[in-house]
$ cat structure.cif   # mmCIF, C-alpha atoms
data_data
loop_
_atom_site.label_atom_id
_atom_site.label_comp_id
_atom_site.auth_asym_id
_atom_site.auth_seq_id
_atom_site.Cartn_x
_atom_site.Cartn_y
_atom_site.Cartn_z
CA MET A 1 0.00 0.00 0.00
CA LEU A 2 2.73 2.40 1.05
CA ARG A 3 4.74 1.42 -2.04
CA ASN A 4 1.75 2.20 -4.29
CA CYS A 5 1.26 5.57 -2.64
CA ILE A 6 4.92 6.44 -3.18
CA LEU A 7 4.68 5.36 -6.84
CA VAL A 8 1.62 7.56 -7.40
CA LEU A 9 3.34 10.51 -5.71
CA VAL A 10 6.46 10.05 -7.87
CA MET A 11 4.37 9.91 -11.06
CA LEU A 12 2.39 12.98 -9.99
CA ALA A 13 5.61 14.87 -9.22
CA SER A 14 7.01 13.97 -12.66
CA VAL A 15 3.95 15.31 -14.46
CA VAL A 16 3.78 18.51 -12.38
CA GLY A 17 7.52 18.98 -12.75
CA GLY A 18 7.28 18.69 -16.51
CA ILE A 19 4.51 21.26 -16.65
CA LEU A 20 6.43 23.67 -14.42
CA ILE A 21 9.66 23.33 -16.37
CA GLY A 22 8.09 24.03 -19.73
CA ASN A 23 5.75 22.94 -22.50
CA ILE A 24 7.22 19.48 -22.99
CA GLU A 25 5.37 17.62 -25.73
CA PRO A 26 4.56 14.13 -24.51
CA GLU A 27 4.73 12.62 -28.00
CA ILE A 28 8.42 13.35 -28.53
CA ASP A 29 10.34 10.14 -29.09
CA GLU A 30 13.14 10.15 -26.53
CA ALA A 31 15.58 8.00 -28.52
CA GLY A 32 14.95 10.00 -31.69
CA PHE A 33 15.36 13.19 -29.71
CA LYS A 34 18.84 12.18 -28.55
CA ASN A 35 19.81 10.86 -31.98
CA ALA A 36 18.81 14.16 -33.56
CA GLN A 37 21.47 15.84 -31.46
CA SER A 38 24.09 13.77 -33.30
CA ALA A 39 22.98 15.06 -36.70
CA GLN A 40 25.88 16.88 -38.33
CA PHE A 41 25.77 20.36 -39.79
CA LYS A 42 28.56 22.49 -41.19
CA ASP A 43 29.54 25.65 -39.39
CA LEU A 44 30.54 28.82 -41.21
CA SER A 45 34.15 27.60 -41.38
CA GLY A 46 33.09 24.39 -43.09
CA ASN A 47 33.61 22.13 -40.07
CA TRP A 48 31.08 19.43 -39.26
CA ARG A 49 29.40 20.07 -35.91
CA LYS A 50 26.55 18.52 -33.97
CA LEU A 51 24.47 19.67 -31.03
CA SER A 52 26.02 17.04 -28.79
CA ASP A 53 29.40 18.79 -29.25
CA TRP A 54 28.08 21.21 -26.63
CA ASP A 55 27.08 18.51 -24.13
CA GLY A 56 27.87 19.75 -20.65
CA ALA A 57 26.30 23.15 -21.27
CA TYR A 58 22.73 24.39 -21.24
CA ARG A 59 21.78 25.16 -24.83
CA ILE A 60 19.28 27.45 -26.49
CA VAL A 61 19.06 26.08 -30.01
CA ASN A 62 17.38 28.40 -32.49
CA PHE A 63 16.27 27.26 -35.95
CA TRP A 64 16.05 30.25 -38.29
CA ALA A 65 16.47 31.54 -41.85
CA THR A 66 17.29 34.81 -43.56
CA TRP A 67 13.98 34.68 -45.48
CA CYS A 68 12.06 34.56 -42.18
CA PRO A 69 11.36 38.07 -40.79
CA PRO A 70 10.42 37.01 -37.24
CA CYS A 71 13.65 35.00 -37.11
CA LEU A 72 15.69 38.08 -37.91
CA GLU A 73 13.70 40.08 -35.38
CA GLU A 74 14.81 37.97 -32.43
CA ILE A 75 18.48 37.48 -33.32
CA PRO A 76 19.63 40.86 -31.90
CA LEU A 77 18.11 39.76 -28.58
CA PHE A 78 20.05 36.49 -28.71
CA ILE A 79 23.28 38.38 -29.45
CA SER A 80 22.69 40.67 -26.50
CA LEU A 81 21.70 37.89 -24.07
CA HIS A 82 24.56 35.65 -25.19
CA GLU A 83 26.91 38.45 -24.14
CA GLU A 84 24.99 39.21 -20.95
CA PHE A 85 25.01 35.58 -19.78
CA SER A 86 28.51 34.72 -20.91
CA ASP A 87 29.47 33.96 -17.29
CA ILE A 88 27.07 31.03 -16.94
CA ASN A 89 27.13 27.55 -18.44
CA MET A 90 24.73 28.39 -21.27
CA THR A 91 25.16 28.98 -24.99
CA PHE A 92 23.02 29.93 -27.92
CA ILE A 93 23.36 27.85 -31.07
CA GLY A 94 21.74 28.93 -34.32
CA ILE A 95 20.84 26.40 -37.01
CA ALA A 96 20.04 28.18 -40.26
CA VAL A 97 17.67 26.47 -42.68
CA ASP A 98 19.17 28.42 -45.50
CA ASP A 99 21.92 29.02 -48.04
CA ILE A 100 25.42 29.48 -46.57
CA THR A 101 26.19 32.67 -48.53
CA ARG A 102 23.12 34.50 -47.28
CA VAL A 103 23.72 33.25 -43.74
CA ARG A 104 27.37 34.29 -43.76
CA ASP A 105 26.45 37.78 -44.98
CA PHE A 106 23.82 38.16 -42.27
CA VAL A 107 26.10 36.84 -39.53
CA MET A 108 28.92 39.21 -40.51
CA THR A 109 26.69 42.25 -40.94
CA ASN A 110 24.91 41.70 -37.64
CA LYS A 111 27.98 40.50 -35.71
CA VAL A 112 26.32 37.30 -34.48
CA ASN A 113 28.44 36.19 -31.52
CA TYR A 114 27.32 32.58 -31.02
CA PRO A 115 27.84 29.42 -33.10
CA ILE A 116 25.87 29.18 -36.33
CA LEU A 117 25.38 25.91 -38.19
CA ILE A 118 23.93 25.52 -41.68
CA GLY A 119 21.28 23.07 -42.77
CA SER A 120 18.50 22.86 -45.31
CA GLY A 121 15.46 20.60 -45.36
CA ASP A 122 17.36 18.17 -43.16
CA ALA A 123 17.68 20.84 -40.48
CA LEU A 124 13.94 21.37 -40.56
CA ARG A 125 13.40 17.63 -40.12
CA ILE A 126 15.74 17.68 -37.12
CA SER A 127 13.74 20.57 -35.66
CA GLU A 128 10.59 18.48 -36.10
CA ILE A 129 12.14 15.61 -34.15
CA LEU A 130 13.07 18.14 -31.47
CA GLY A 131 9.43 19.20 -31.20
CA ASN A 132 8.72 21.61 -34.08
CA GLN A 133 5.26 20.24 -34.75
CA ARG A 134 4.25 23.10 -37.05
CA SER A 135 7.37 22.82 -39.19
CA GLY A 136 7.74 26.60 -39.12
CA LEU A 137 10.43 29.08 -38.18
CA PRO A 138 11.64 30.42 -35.86
CA PHE A 139 11.68 27.44 -33.54
CA THR A 140 13.74 27.31 -30.37
CA VAL A 141 14.55 24.38 -28.12
CA PHE A 142 16.05 24.59 -24.65
CA LEU A 143 18.37 21.69 -23.73
CA SER A 144 19.95 20.58 -20.47
CA PRO A 145 23.71 19.78 -20.25
CA THR A 146 22.84 16.12 -20.84
CA GLY A 147 20.74 16.91 -23.91
CA ASP A 148 17.38 16.49 -22.22
CA LEU A 149 14.49 18.63 -23.37
CA ILE A 150 13.66 21.47 -21.03
CA ASP A 151 11.37 23.56 -23.21
CA THR A 152 10.47 24.51 -26.77
CA HIS A 153 9.08 27.66 -28.33
CA SER A 154 7.54 28.34 -31.76
CA GLY A 155 7.78 31.93 -32.95
CA VAL A 156 9.72 34.80 -31.43
CA VAL A 157 10.96 33.91 -27.94
CA PRO A 158 10.15 36.54 -25.32
CA ALA A 159 13.25 37.88 -23.56
CA SER A 160 11.61 37.03 -20.23
CA LYS A 161 11.58 33.34 -21.14
CA ILE A 162 15.32 33.32 -21.78
CA ARG A 163 16.02 35.34 -18.63
CA ASP A 164 13.96 32.87 -16.57
CA PHE A 165 15.90 30.00 -18.11
CA ALA A 166 19.23 31.70 -17.37
CA SER A 167 18.25 32.62 -13.83
CA LYS A 168 17.53 28.95 -13.02
CA ILE A 169 21.00 28.04 -14.26
CA ARG A 170 22.64 30.78 -12.26
CA MET B 171 -10.05 27.51 -84.64
CA LEU B 172 -8.74 24.50 -82.89
CA CYS B 173 -9.03 25.03 -79.18
CA TRP B 174 -7.61 23.12 -76.31
CA ALA B 175 -8.63 22.87 -72.75
CA ALA B 176 -7.35 20.99 -69.82
CA GLN B 177 -7.44 21.09 -66.10
CA ALA B 178 -5.09 20.02 -63.41
CA ALA B 179 -5.85 20.14 -59.78
CA ALA B 180 -3.02 20.25 -57.32
CA ASP B 181 -5.19 20.31 -54.28
CA LYS B 182 -4.57 16.78 -53.13
CA PRO B 183 -3.22 16.51 -49.56
CA ASP B 184 0.37 16.07 -50.79
CA ASN B 185 0.31 19.63 -51.96
CA LEU B 186 -0.68 21.03 -48.61
CA ASN B 187 2.16 22.07 -46.39
CA LYS B 188 2.44 20.56 -42.95
CA GLY B 189 0.34 23.24 -41.37
CA ASN B 190 -2.35 23.08 -44.08
CA PHE B 191 -1.97 26.80 -44.63
CA TYR B 192 -1.90 26.92 -48.40
CA ARG B 193 -3.47 25.09 -51.32
CA LEU B 194 -2.81 25.52 -55.01
CA SER B 195 -4.81 24.52 -58.06
CA GLY B 196 -4.47 25.29 -61.74
CA ASN B 197 -6.66 25.44 -64.83
CA LEU B 198 -5.42 25.54 -68.37
CA ILE B 199 -8.23 27.64 -69.81
CA SER B 200 -6.92 27.84 -73.36
CA GLU B 201 -3.92 26.71 -75.33
CA ASN B 202 -1.92 29.67 -74.10
CA LYS B 203 -3.50 30.73 -70.85
CA LEU B 204 -3.24 29.17 -67.42
CA VAL B 205 -5.01 30.28 -64.27
CA LEU B 206 -3.42 29.45 -60.95
CA THR B 207 -5.37 29.79 -57.73
CA TYR B 208 -3.84 29.95 -54.29
CA TYR B 209 -6.13 29.31 -51.35
CA ILE B 210 -4.48 30.78 -48.26
CA ASN B 211 -5.73 30.04 -44.78
CA GLU B 212 -6.98 33.15 -42.98
CA CYS B 213 -4.15 32.85 -40.46
CA CYS B 214 -1.51 33.39 -43.12
CA TYR B 215 -0.14 35.27 -46.07
CA ILE B 216 2.32 34.60 -48.87
CA TYR B 217 4.91 37.02 -50.20
CA LYS B 218 4.26 38.24 -53.75
CA ARG B 219 7.99 38.37 -54.45
CA SER B 220 8.33 34.71 -53.44
CA LEU B 221 6.10 33.54 -56.30
CA THR B 222 8.07 31.99 -59.14
CA PHE B 223 6.86 29.84 -62.01
CA GLU B 224 8.65 27.70 -64.54
CA LEU B 225 7.49 25.38 -67.31
CA LEU B 226 9.45 22.16 -67.37
CA GLU B 227 9.09 21.52 -71.12
CA PRO B 228 11.89 23.23 -73.08
CA GLN B 229 9.59 24.04 -75.99
CA ALA B 230 7.24 26.05 -73.76
CA VAL B 231 7.82 29.33 -71.96
CA ILE B 232 5.83 31.66 -69.74
CA SER B 233 5.50 34.89 -71.70
CA GLY B 234 3.76 36.87 -68.98
CA VAL B 235 2.21 36.70 -65.52
CA ALA B 236 -0.72 38.88 -64.48
CA PHE B 237 -0.48 39.40 -60.73
CA PRO B 238 -3.55 40.77 -58.95
CA SER B 239 -2.99 43.77 -56.71
CA ALA B 240 -1.37 42.78 -53.43
CA LEU B 241 -1.73 44.01 -49.87
CA LYS B 242 0.91 46.16 -48.20
CA HIS B 243 2.58 44.48 -45.25
CA LYS B 244 5.23 45.96 -42.96
CA ASP B 245 8.10 43.70 -42.00
CA GLU B 246 10.55 44.92 -39.38
CA PHE B 247 13.52 43.72 -41.43
CA PHE B 248 12.25 43.82 -45.00
CA GLY B 249 10.27 47.07 -44.72
CA GLU B 250 7.07 47.41 -46.71
CA VAL B 251 6.41 44.31 -48.77
CA GLU B 252 3.49 43.00 -50.82
CA VAL B 253 1.57 39.96 -49.67
CA TYR B 254 -1.47 37.95 -50.69
CA ARG B 255 -4.20 36.65 -48.44
CA GLY B 256 -7.33 34.58 -49.02
CA GLN B 257 -7.94 33.39 -52.57
CA VAL B 258 -5.57 34.65 -55.24
CA ASN B 259 -5.91 34.09 -58.99
CA LEU B 260 -2.94 34.58 -61.29
CA VAL B 261 -3.06 34.35 -65.05
CA LEU B 262 -0.02 32.98 -66.86
CA ASP B 263 0.40 33.55 -70.59
CA LEU B 264 2.10 30.63 -72.29
CA ASP B 265 4.09 30.46 -75.48
CA LEU B 266 4.10 26.86 -76.69
CA SER B 267 5.60 27.62 -80.09
CA GLN B 268 9.24 27.21 -79.09
CA GLY B 269 9.53 23.69 -80.53
CA GLU B 270 8.37 21.86 -83.62
CA GLN B 271 6.61 19.05 -81.78
CA GLN B 272 3.11 19.60 -80.47
CA LEU B 273 2.79 19.25 -76.72
CA ASN B 274 0.40 16.73 -75.23
CA SER B 275 1.04 17.73 -71.67
CA LEU B 276 2.59 20.49 -69.66
CA SER B 277 4.28 20.63 -66.26
CA LEU B 278 4.54 23.79 -64.22
CA LYS B 279 6.78 24.30 -61.21
CA ALA B 280 5.37 26.90 -58.80
CA VAL B 281 7.19 28.16 -55.71
CA HIS B 282 5.82 30.29 -52.88
CA GLN B 283 6.76 31.22 -49.34
CA GLY B 284 4.63 32.61 -46.55
CA CYS B 285 4.16 33.23 -42.86
CA SER B 286 1.41 33.20 -40.27
CA ASP B 287 0.20 36.31 -38.45
CA GLU B 288 1.44 34.89 -35.17
CA GLY B 289 5.00 35.11 -36.45
CA ILE B 290 5.86 31.68 -37.82
CA CYS B 291 7.21 31.35 -41.35
CA PHE B 292 7.25 28.33 -43.59
CA LEU B 293 9.96 27.04 -45.87
CA PRO B 294 9.64 28.03 -49.53
CA GLU B 295 7.31 25.41 -50.97
CA GLU B 296 7.50 23.96 -54.45
CA ASN B 297 4.55 22.41 -56.27
CA THR B 298 4.55 20.76 -59.67
CA LEU B 299 1.26 20.84 -61.57
CA ASN B 300 0.71 18.56 -64.54
CA PHE B 301 -1.69 19.43 -67.32
CA SER B 302 -2.91 17.37 -70.25
CA PHE B 303 -4.25 18.78 -73.50
CA PHE B 304 -7.57 17.56 -74.85
CA PRO B 305 -8.39 18.79 -78.37
CA GLY B 306 -11.76 20.21 -79.28
CA LEU B 307 -12.71 21.81 -75.99
CA ASN B 308 -13.00 25.50 -75.52
#
$ encode --input "structure.cif" --output "structure tokens"
Amino acid sequence: MLRNCILVLVMLASVVGGILIGNIEPEIDEAGFKNAQSAQFKDLSGNWRKLSDWDGAYRIVNFWATWCPPCLEEIPLFISLHEEFSDINMTFIGIAVDDITRVRDFVMTNKVNYPILIGSGDALRISEILGNQRSGLPFTVFLSPTGDLIDTHSGVVPASKIRDFASKIR
Amino acid sequence: MLCWAAQAAADKPDNLNKGNFYRLSGNLISENKLVLTYYINECCYIYKRSLTFELLEPQAVISGVAFPSALKHKDEFFGEVEVYRGQVNLVLDLDLSQGEQQLNSLSLKAVHQGCSDEGICFLPEENTLNFSFFPGLN
């Protein structure tokens, strides 16, 4: 009886915890989610990188494109917050669903100060595995140091959401 | 005068994007005129400048596109741009006289890109519409 009560309490705590931490989608396939973090994308120097290269750090992974106005709208905020929170174990990573020339021009013009990777349709598919159910941009996923899902956001991320995330790390 | 008419519908589910925000159909209303219709969900719009069309047969070319008037839309980064909402009809003038052989069918590649009002944009989407010619119809 006592064991059953403890089990129910643990399950209840897990559900409530998930709701409090963020809008975790229950239908995300856990194995696929981890595998997606091993998908390789080239960075602007032509090196192959994957999200798991940043294991050990909290990650805010933003899928974006230069043809997507709301994506461009939020990038200055990411640049500013990446600088502001440079003293904590958290990094922004941008994955552009776009052409490398246009991305490079944008990154240089706007002095983007965090890692940018380049993908195309494959990057969008990875975003879908990570929870982008609407297949649109921008889409942002918040990862723990072990690559577990903490939260996702479709559309422009409010600054308050990132500050809350950072404050929990600090 | 020998007239031709054909119709191709591209509104099967495969041609809807994942969010079901857009649908495209086409009618070949004469031997040299094609009407394309975009049906755009009320949540969304497509950029006029994103619309591109190409005939896949080398002996056929698009000689003109009549765009209906578009709505003004203000983008923070792109400034004032033109967008379409709701149902949009475009008329494409075709020149099929580029080759010696008569065409029995025609394939059109159409590309568009759009966003939703809540600030989510969708990858440029490509549709290929296939048309067959049937002689004697007007």
$ closest_residue --input "structure.cif" --among "A:Ile116, A:Val156, A:Ile126, A:Leu77" --to "chain B" --atoms "all atoms listed in the file"
A:Val156
$ closest_residue --input "structure.cif" --among "A:Thr101, A:Thr146, A:Ser154, A:Ser52" --to "chain B" --atoms "all atoms listed in the file"
A:Ser154
$ interface_residues --input "structure.cif" --of "chain B" --to "chain A" --cutoff "10 Å" --atoms "only C-alpha atoms" --output "ChimeraX atom specification"
/B:187-190,220,245-249,283-286,288-294
$ atom_distance --input "structure.cif" --atom1 "CA of Lys242 (chain B)" --atom2 "CA of Asn197 (chain B)"
27.6 Å
$ resolve_selection --input "structure.cif" --expression "the PyMOL selection byres ((chain A and resi 166) around 12)" --output "VMD selection string"
chain A and resid 57 to 60 81 to 82 84 to 92 142 to 144 159 to 165 167 to 170
$ resolve_selection --input "structure.cif" --expression "the PyMOL selection byres ((chain B and resi 209-218) around 6)" --output "JSON, numbers by chain"
{"B": [191, 192, 193, 208, 219, 220, 221, 252, 253, 254, 255, 256, 257, 283, 284, 285, 286, 287]}
$ resolve_selection --input "structure.cif" --expression "the PyMOL selection byres ((chain A and resi 117) around 9)" --output "VMD selection string"
chain A and resid 41 to 44 48 to 50 93 to 97 115 to 116 118 to 119
$ write_last_selection --input "structure.cif" --atoms "C-alpha atoms" --output "PDB file, in the coordinates of the input"
ATOM      1  CA  PHE A  41      25.770  20.360 -39.790  1.00  0.00           C
ATOM      2  CA  LYS A  42      28.560  22.490 -41.190  1.00  0.00           C
ATOM      3  CA  ASP A  43      29.540  25.650 -39.390  1.00  0.00           C
ATOM      4  CA  LEU A  44      30.540  28.820 -41.210  1.00  0.00           C
ATOM      5  CA  TRP A  48      31.080  19.430 -39.260  1.00  0.00           C
ATOM      6  CA  ARG A  49      29.400  20.070 -35.910  1.00  0.00           C
ATOM      7  CA  LYS A  50      26.550  18.520 -33.970  1.00  0.00           C
ATOM      8  CA  ILE A  93      23.360  27.850 -31.070  1.00  0.00           C
ATOM      9  CA  GLY A  94      21.740  28.930 -34.320  1.00  0.00           C
ATOM     10  CA  ILE A  95      20.840  26.400 -37.010  1.00  0.00           C
ATOM     11  CA  ALA A  96      20.040  28.180 -40.260  1.00  0.00           C
ATOM     12  CA  VAL A  97      17.670  26.470 -42.680  1.00  0.00           C
ATOM     13  CA  PRO A 115      27.840  29.420 -33.100  1.00  0.00           C
ATOM     14  CA  ILE A 116      25.870  29.180 -36.330  1.00  0.00           C
ATOM     15  CA  ILE A 118      23.930  25.520 -41.680  1.00  0.00           C
ATOM     16  CA  GLY A 119      21.280  23.070 -42.770  1.00  0.00           C
TER      17      GLY A 119
END
$ atom_distance --input "structure.cif" --atom1 "CA of Tyr114 (chain A)" --atom2 "CA of Lys244 (chain B)"
28.5 Å
$ atom_distance --input "structure.cif" --atom1 "CA of Asn35 (chain A)" --atom2 "CA of Gly56 (chain A)"
16.5 Å
$ closest_residue --input "structure.cif" --among "A:Ile79, A:Ala123, A:Arg104, A:Asn62" --to "Gly46 (chain A)" --atoms "only C-alpha atoms"
A:Arg104
